[in-house]
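**Student:** Please find final_21.txt (compact mmCIF, C-alpha atoms and all ligand atoms) on the next line:
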```txt
# COMPACT_ATOMS: atom_id res chain seq x y z
CA MET A 1 99.03 21.21 46.64
CA SER A 2 100.60 20.28 49.96
CA TRP A 3 98.64 18.75 52.85
CA ASP A 4 99.22 19.12 56.54
CA GLU A 5 99.47 15.94 58.61
CA ARG A 6 95.83 16.11 59.86
CA GLN A 7 94.37 16.53 56.35
CA ARG A 8 96.58 13.75 55.06
CA ARG A 9 95.32 11.36 57.75
CA MET A 10 91.66 12.24 57.07
CA LEU A 11 91.98 11.72 53.33
CA GLU A 12 93.84 8.46 53.74
CA ALA A 13 91.24 7.20 56.22
CA MET A 14 88.54 7.72 53.58
CA GLY A 15 90.58 5.94 50.96
CA LEU A 16 91.19 9.15 49.00
CA ARG A 17 94.48 9.28 47.22
CA VAL A 18 96.77 11.95 48.62
CA TRP A 19 98.22 13.58 45.52
CA GLU A 20 101.59 15.27 45.77
CA ARG A 21 103.67 16.78 42.96
CA PRO A 22 106.40 14.22 42.29
CA VAL A 23 110.00 15.34 42.86
CA VAL A 24 111.74 15.11 39.48
CA ALA A 25 115.12 13.39 39.88
CA PRO A 26 117.88 14.11 37.34
CA ALA A 27 117.76 11.56 34.54
CA ALA A 28 120.20 8.68 35.06
CA PRO A 29 122.39 7.77 32.09
CA ALA A 30 120.88 4.95 30.05
CA PRO A 31 122.61 1.64 30.77
CA ALA A 32 124.83 0.32 28.01
CA PRO A 33 123.31 -2.61 26.17
CA VAL A 34 124.61 -5.93 27.48
CA VAL A 35 125.57 -8.51 24.90
CA SER A 36 125.40 -11.98 26.35
CA ALA A 37 128.23 -14.25 25.37
CA ALA A 38 126.65 -17.30 27.03
CA PRO A 39 125.71 -20.07 24.61
CA VAL A 40 122.01 -20.67 24.12
CA GLN A 41 120.96 -23.78 26.05
CA ALA A 42 119.49 -26.57 24.00
CA PRO A 43 116.08 -27.74 25.28
CA ALA A 44 116.39 -30.75 27.59
CA ALA A 45 115.85 -34.00 25.80
CA ARG A 46 112.41 -35.39 26.41
CA SER A 47 112.45 -38.31 28.86
CA ALA A 48 111.33 -41.64 27.49
CA ALA A 49 110.05 -42.76 30.92
CA PRO A 50 106.28 -43.31 31.06
CA VAL A 51 104.36 -40.37 32.52
CA PRO A 52 102.66 -41.47 35.74
CA ALA A 53 98.90 -41.11 35.78
CA PRO A 54 97.81 -38.03 37.78
CA VAL A 55 96.85 -38.86 41.35
CA PRO A 56 93.30 -37.69 41.93
CA VAL A 57 93.24 -34.82 44.43
CA PRO A 58 90.22 -34.94 46.71
CA VAL A 59 88.00 -31.91 46.08
CA PRO A 60 86.87 -30.41 49.38
CA VAL A 61 83.15 -30.72 49.76
CA ALA A 62 81.47 -27.68 51.28
CA ALA A 63 79.89 -28.38 54.64
CA PRO A 64 76.14 -28.54 54.29
CA VAL A 65 74.51 -25.24 55.10
CA ASP A 66 72.03 -25.59 57.85
CA VAL A 67 69.02 -23.81 56.40
CA PRO A 68 66.54 -23.29 59.19
CA VAL A 69 62.94 -23.92 58.31
CA SER A 70 61.20 -20.63 58.96
CA VAL A 71 58.57 -20.73 61.62
CA ARG A 72 58.00 -17.00 61.48
CA VAL A 73 55.14 -15.70 59.45
CA PRO A 74 53.87 -12.13 59.35
CA VAL A 75 50.97 -11.33 61.63
CA PRO A 76 48.46 -8.77 60.37
CA VAL A 77 48.41 -5.71 62.61
CA ASP A 78 46.50 -2.48 62.89
CA ARG A 79 49.20 -0.17 61.60
CA SER A 80 48.19 3.01 63.42
CA ALA A 81 47.58 1.29 66.78
CA ARG A 82 50.96 -0.38 66.45
CA ALA A 83 52.66 2.95 65.61
CA GLU A 84 51.07 4.55 68.70
CA GLU A 85 52.24 1.71 70.89
CA ILE A 86 55.80 1.95 69.54
CA ALA A 87 55.81 5.72 70.06
CA ARG A 88 55.41 5.11 73.82
CA MET A 89 58.15 2.50 74.18
CA ASP A 90 61.36 2.97 76.11
CA TRP A 91 64.67 1.72 74.71
CA ALA A 92 64.45 -1.78 76.18
CA ALA A 93 60.85 -2.30 75.03
CA LEU A 94 61.74 -1.00 71.58
CA ARG A 95 64.67 -3.39 71.28
CA GLU A 96 62.49 -6.31 72.32
CA SER A 97 59.71 -5.30 69.95
CA VAL A 98 62.13 -5.15 67.01
CA ALA A 99 63.59 -8.54 67.92
CA ASP A 100 60.12 -10.11 67.92
CA CYS A 101 58.69 -8.14 64.99
CA ARG A 102 56.46 -9.96 62.50
CA ALA A 103 54.81 -6.94 60.95
CA CYS A 104 55.94 -7.72 57.39
CA GLY A 105 57.14 -10.60 55.25
CA LEU A 106 60.82 -9.85 55.89
CA CYS A 107 60.51 -11.66 59.23
CA GLU A 108 60.29 -14.96 57.34
CA GLY A 109 63.77 -14.90 55.84
CA ARG A 110 65.81 -13.09 58.47
CA LYS A 111 68.42 -14.69 60.68
CA ASN A 112 68.63 -11.66 62.98
CA THR A 113 66.97 -8.32 63.33
CA VAL A 114 69.37 -5.37 63.17
CA PHE A 115 68.30 -2.85 65.79
CA GLY A 116 71.26 -0.48 65.54
CA VAL A 117 74.57 0.07 67.27
CA GLY A 118 76.32 2.77 69.24
CA ASN A 119 75.63 5.23 71.99
CA GLN A 120 72.02 5.53 73.03
CA ALA A 121 72.65 9.20 73.86
CA ALA A 122 74.77 9.92 70.77
CA GLU A 123 75.02 13.44 69.40
CA TRP A 124 75.44 11.96 65.91
CA MET A 125 72.94 9.61 64.35
CA ILE A 126 73.79 7.87 61.08
CA ILE A 127 70.89 6.47 59.08
CA GLY A 128 71.38 3.91 56.34
CA GLU A 129 69.09 1.70 54.32
CA ALA A 130 68.70 -1.95 55.28
CA PRO A 131 70.79 -4.87 56.52
CA GLY A 132 72.67 -6.94 53.96
CA GLU A 133 73.87 -10.51 54.27
CA GLN A 134 76.62 -9.87 56.84
CA GLU A 135 74.42 -7.57 58.89
CA ASP A 136 71.68 -10.21 58.94
CA LEU A 137 74.17 -12.83 60.13
CA GLN A 138 75.76 -10.64 62.79
CA GLY A 139 72.77 -8.56 63.89
CA GLU A 140 74.73 -5.32 63.51
CA PRO A 141 74.41 -2.57 60.87
CA PHE A 142 77.16 -1.79 58.38
CA VAL A 143 79.56 -4.65 59.04
CA GLY A 144 80.31 -5.52 55.38
CA GLU A 145 82.53 -3.63 52.93
CA ALA A 146 80.31 -0.54 53.00
CA GLY A 147 80.55 -0.63 56.78
CA LYS A 148 84.34 -0.60 56.68
CA LEU A 149 84.21 2.54 54.54
CA LEU A 150 81.67 4.09 56.91
CA ASP A 151 83.95 3.36 59.88
CA ASN A 152 86.85 5.02 58.05
CA MET A 153 84.71 8.05 57.22
CA LEU A 154 83.65 8.36 60.85
CA ARG A 155 87.22 7.91 62.07
CA ALA A 156 88.33 10.69 59.73
CA ILE A 157 86.18 13.16 61.69
CA GLY A 158 86.97 11.75 65.12
CA LEU A 159 83.86 9.56 65.52
CA SER A 160 83.39 5.86 66.21
CA ARG A 161 80.59 3.33 66.52
CA ALA A 162 82.44 1.35 69.17
CA ASP A 163 83.23 3.59 72.09
CA GLY A 164 83.55 7.11 73.39
CA SER A 165 81.41 9.81 74.94
CA PRO A 166 78.05 10.75 73.33
CA GLU A 167 80.02 13.41 71.48
CA GLN A 168 82.32 10.86 69.85
CA GLN A 169 80.33 7.63 69.71
CA VAL A 170 77.58 7.69 67.08
CA PHE A 171 74.39 5.67 66.86
CA ILE A 172 73.87 3.86 63.54
CA ALA A 173 70.43 2.66 62.46
CA ASN A 174 68.70 1.63 59.26
CA THR A 175 65.30 2.37 57.76
CA LEU A 176 64.63 -1.39 57.80
CA LYS A 177 65.54 -3.70 60.65
CA CYS A 178 65.40 -6.92 58.58
CA ARG A 179 67.29 -7.90 55.45
CA PRO A 180 65.36 -7.76 52.18
CA PRO A 181 65.92 -11.00 50.22
CA ARG A 182 68.88 -10.90 47.83
CA ASN A 183 69.52 -7.31 49.01
CA ARG A 184 66.71 -5.93 46.87
CA ASN A 185 65.43 -2.43 47.57
CA PRO A 186 63.06 -1.99 50.50
CA GLU A 187 59.41 -2.05 49.47
CA PRO A 188 56.96 0.70 50.49
CA GLY A 189 54.92 -1.66 52.73
CA GLU A 190 58.06 -2.81 54.55
CA LEU A 191 59.27 0.78 55.03
CA ALA A 192 55.86 1.78 56.37
CA GLN A 193 55.84 -1.02 58.95
CA CYS A 194 59.39 -0.29 60.09
CA GLU A 195 59.05 3.50 60.15
CA PRO A 196 57.71 3.79 63.74
CA TYR A 197 60.83 2.03 65.04
CA LEU A 198 63.26 4.49 63.50
CA ARG A 199 61.08 7.44 64.51
CA ARG A 200 61.12 6.25 68.11
CA GLN A 201 64.87 5.62 68.00
CA ILE A 202 65.45 9.21 66.88
CA GLU A 203 63.12 10.52 69.61
CA LEU A 204 64.94 8.54 72.30
CA VAL A 205 68.50 9.24 71.13
CA ARG A 206 67.74 12.95 70.52
CA PRO A 207 70.77 13.48 68.26
CA ARG A 208 72.25 16.89 67.64
CA ILE A 209 72.77 16.01 63.98
CA ILE A 210 71.64 13.29 61.59
CA LEU A 211 73.63 12.04 58.62
CA ALA A 212 71.26 10.54 56.06
CA MET A 213 73.12 8.09 53.83
CA GLY A 214 71.49 7.23 50.54
CA ARG A 215 68.09 7.37 48.92
CA PHE A 216 65.97 5.49 51.45
CA ALA A 217 67.28 7.36 54.49
CA VAL A 218 66.58 10.61 52.65
CA GLN A 219 63.07 9.52 51.69
CA PHE A 220 62.37 8.58 55.29
CA LEU A 221 63.70 11.81 56.80
CA LEU A 222 62.88 14.43 54.20
CA ASN A 223 60.02 12.71 52.41
CA SER A 224 61.78 13.56 49.16
CA SER A 225 62.64 11.44 46.17
CA GLU A 226 65.04 14.01 44.74
CA ALA A 227 68.50 12.77 43.80
CA ILE A 228 71.15 12.86 46.52
CA GLY A 229 73.22 15.12 44.27
CA ARG A 230 70.49 17.78 44.45
CA LEU A 231 69.92 17.51 48.20
CA ARG A 232 73.47 17.34 49.49
CA GLY A 233 75.59 20.40 50.18
CA ARG A 234 73.05 22.18 52.42
CA VAL A 235 71.54 21.75 55.85
CA HIS A 236 68.00 20.32 56.06
CA GLU A 237 65.99 20.15 59.26
CA VAL A 238 63.58 17.60 60.71
CA ASN A 239 61.80 18.42 63.98
CA GLY A 240 64.51 20.93 64.81
CA VAL A 241 67.36 18.48 64.16
CA PRO A 242 69.78 19.38 61.34
CA VAL A 243 70.05 16.69 58.65
CA ILE A 244 72.97 16.38 56.25
CA VAL A 245 72.42 14.31 53.15
CA THR A 246 75.26 12.30 51.68
CA TYR A 247 75.98 9.32 49.46
CA HIS A 248 75.56 5.78 50.75
CA PRO A 249 78.94 4.10 51.39
CA ALA A 250 77.99 1.23 49.04
CA TYR A 251 77.51 3.82 46.27
CA LEU A 252 80.89 5.36 47.12
CA LEU A 253 82.54 1.95 46.76
CA ARG A 254 81.18 1.78 43.22
CA ASN A 255 81.93 5.45 42.47
CA PRO A 256 85.21 6.32 44.24
CA PRO A 257 85.57 9.82 42.71
CA ASP A 258 82.44 10.86 44.66
CA LYS A 259 84.28 10.21 47.92
CA ALA A 260 85.55 13.77 47.58
CA LEU A 261 81.93 15.02 47.66
CA ALA A 262 81.18 12.81 50.67
CA TRP A 263 84.20 14.36 52.35
CA ASP A 264 82.68 17.82 51.77
CA ASP A 265 79.43 16.54 53.31
CA LEU A 266 81.28 15.32 56.39
CA CYS A 267 82.97 18.70 56.76
CA LEU A 268 79.57 20.43 56.48
CA ALA A 269 78.19 18.00 59.09
CA LEU A 270 81.07 18.80 61.47
CA GLU A 271 80.52 22.55 61.10
CA THR A 272 76.77 22.14 61.59
CA HIS A 273 77.23 19.92 64.63
CA ASP A 274 79.63 22.37 66.22
CA ALA A 275 77.26 25.27 65.58
CA ALA A 276 74.22 23.41 66.95
CA GLY A 277 75.09 23.92 70.65
CA THR A 278 75.08 21.30 73.35
CA LYS A 279 72.35 18.73 73.94
CA SER A 280 69.86 19.94 76.55
N1 LIG B 1 73.80 -0.83 53.98
C1 LIG B 1 72.96 -0.19 54.82
O1 LIG B 1 72.33 0.79 54.43
N2 LIG B 1 72.86 -0.62 56.05
C2 LIG B 1 73.56 -1.65 56.53
O2 LIG B 1 73.41 -1.98 57.70
C3 LIG B 1 74.43 -2.31 55.64
C4 LIG B 1 74.54 -1.88 54.36
```
Write the structure described by the file as structure tokens, please.
Ligand code: URA
**Tutor:**
Amino acid sequence: MSWDERQRRMLEAMGLRVWERPVVAPAAPAPAPVVSAAPVQAPAARSAAPVPAPVPVPVPVAAPVDVPVSVRVPVPVDRSARAEEIARMDWAALRESVADCRACGLCEGRKNTVFGVGNQAAEWMIIGEAPGEQEDLQGEPFVGEAGKLLDNMLRAIGLSRADGSPEQQVFIANTLKCRPPRNRNPEPGELAQCEPYLRRQIELVRPRIILAMGRFAVQFLLNSSEAIGRLRGRVHEVNGVPVIVTYHPAYLLRNPPDKALAWDDLCLALETHDAAGTKS
């Protein structure tokens, strides 16, 4: 198999090994065995001098971690009234509401809410699961190892979270805006409270295509608990917006051979995006 330069760059960006048939060089003659004539050194005589006592090396003591005492506690809310209110919010109000949210217990442990990042008018929306430790600290989605892979995947198809026109700069959001403790799975009650935020984000961004990464994004969008492997490879649709299902980057880090399948999903997403026409 031989790759053109563009394919090679895409595969390398995703961390996929670019395989090329090795060029077989003519075998070099085996080197003649070398017989050393040097005499074998006798081990150095052991010194009779007393061995100095080891000098204690100071062990660095970790700086104390400033653990803030949580003053945030969840406030019971009427779920449907709250959802209706969120459904009327503009972008600024939505951002503020997420930052102040106390609708579930996750507010107690968070350092930051993670609203999302990217172009508010993006043609591409990427939906992941929930913030992890780094995301909680920095207030931005996908900034850990999985995020680096996601950035490489996006770069491979000419997209970025950081800059560009709405055609090139994506918007990335999660199903949950707060970190679940010890990165456990989101719980149904937490997903239900956070759902109106993501729904409103999708309504306001009006993407031309959505990439659903992993089980929880798929459950949110397609209301399906089928395995990713059974849902990927075809185009789904939610409220007229095409949805492509693919593996979560954290899963791909644990299962590198499936990066090839994720690459197919990205190609399908590109084709679908290009066929979907311009944003009205
Ligand atoms: N995994 C996610 O799904 N979202 C993040 O923001 C980080 C890791």
**Student:** Taking all atoms listed in the file into account, which of A:Lys259, A:Lys177, A:Arg79, A:Arg234 comes nearest ligand LIG 1 (chain B)?
**Tutor:**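 Residue with the minimum atom-to-atom distance to ligand LIG 1 (chain B): A:Lys177.
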**Student:** Counting only C-alpha atoms and all ligand atoms, which protein, DNA or RNA residues come within 6 Å of ligand LIG 1 (chain B), given as number ranges by chain?
**Tutor:** A: 128-132, 135, 141-142, 174
**Student:** What does the structure give for the distance between CA of Phe216 (chain A) and CA of Ile126 (chain A), in Å to one decimal?
**Tutor:**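 Atom-to-atom, CA of Phe216 (chain A) to CA of Ile126 (chain A), that is 12.6 Å.
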**Student:** Go ahead and compute the interatomic distance for CA of Ser165 (chain A) and CA of Trp124 (chain A), in Å to one decimal.
**Tutor:**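 CA of Trp124 (chain A) lies 11.0 Å from CA of Ser165 (chain A).
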**Student:** Quick one: everything within 7 Å of Val245 (chain A), counting all atoms listed in the file, minus sequence neighbours fewer than 2 positions away in the same chain. Send it as a list in words.
**Tutor:**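 That gives Leu211, Ala212, Met213, Val218, Ile228, Leu231, Arg232 and Val243 of chain A.
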**Student:** Please indicate the distance in Å from CA of Tyr197 (chain A) to CA of Ala156 (chain A), rounded to one decimal place.
**Tutor:**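 Taking CA of Tyr197 (chain A) as the start and CA of Ala156 (chain A) as the end point, the length is 29.3 Å.
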**Student:** Go through A:Arg95, A:Arg88, A:Arg102, A:Arg110 one by one, measure the shortest atom-to-atom distance of each to Arg179 (chain A) using only C-alpha atoms, and give the residue with the smallest value.
**Tutor:**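 Of A:Arg95, A:Arg88, A:Arg102, A:Arg110, the one nearest Arg179 (chain A), counting only C-alpha atoms, is A:Arg110.
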**Student:** I want to know what sits within 6 Å of Pro207 (chain A), based on all atoms listed in the file, with residues of the same chain fewer than 5 positions away left out; could you give that as a ChimeraX atom specification?
**Tutor:** /A:122-125
**Student:** Show me, as number ranges by chain, the residues that have an atom within 12 Å of Glu145 (chain A) when counting only C-alpha atoms, minus same-chain residues fewer than 3 positions from it.
**Tutor:** A: 132-135, 141-142, 148-152, 248-254
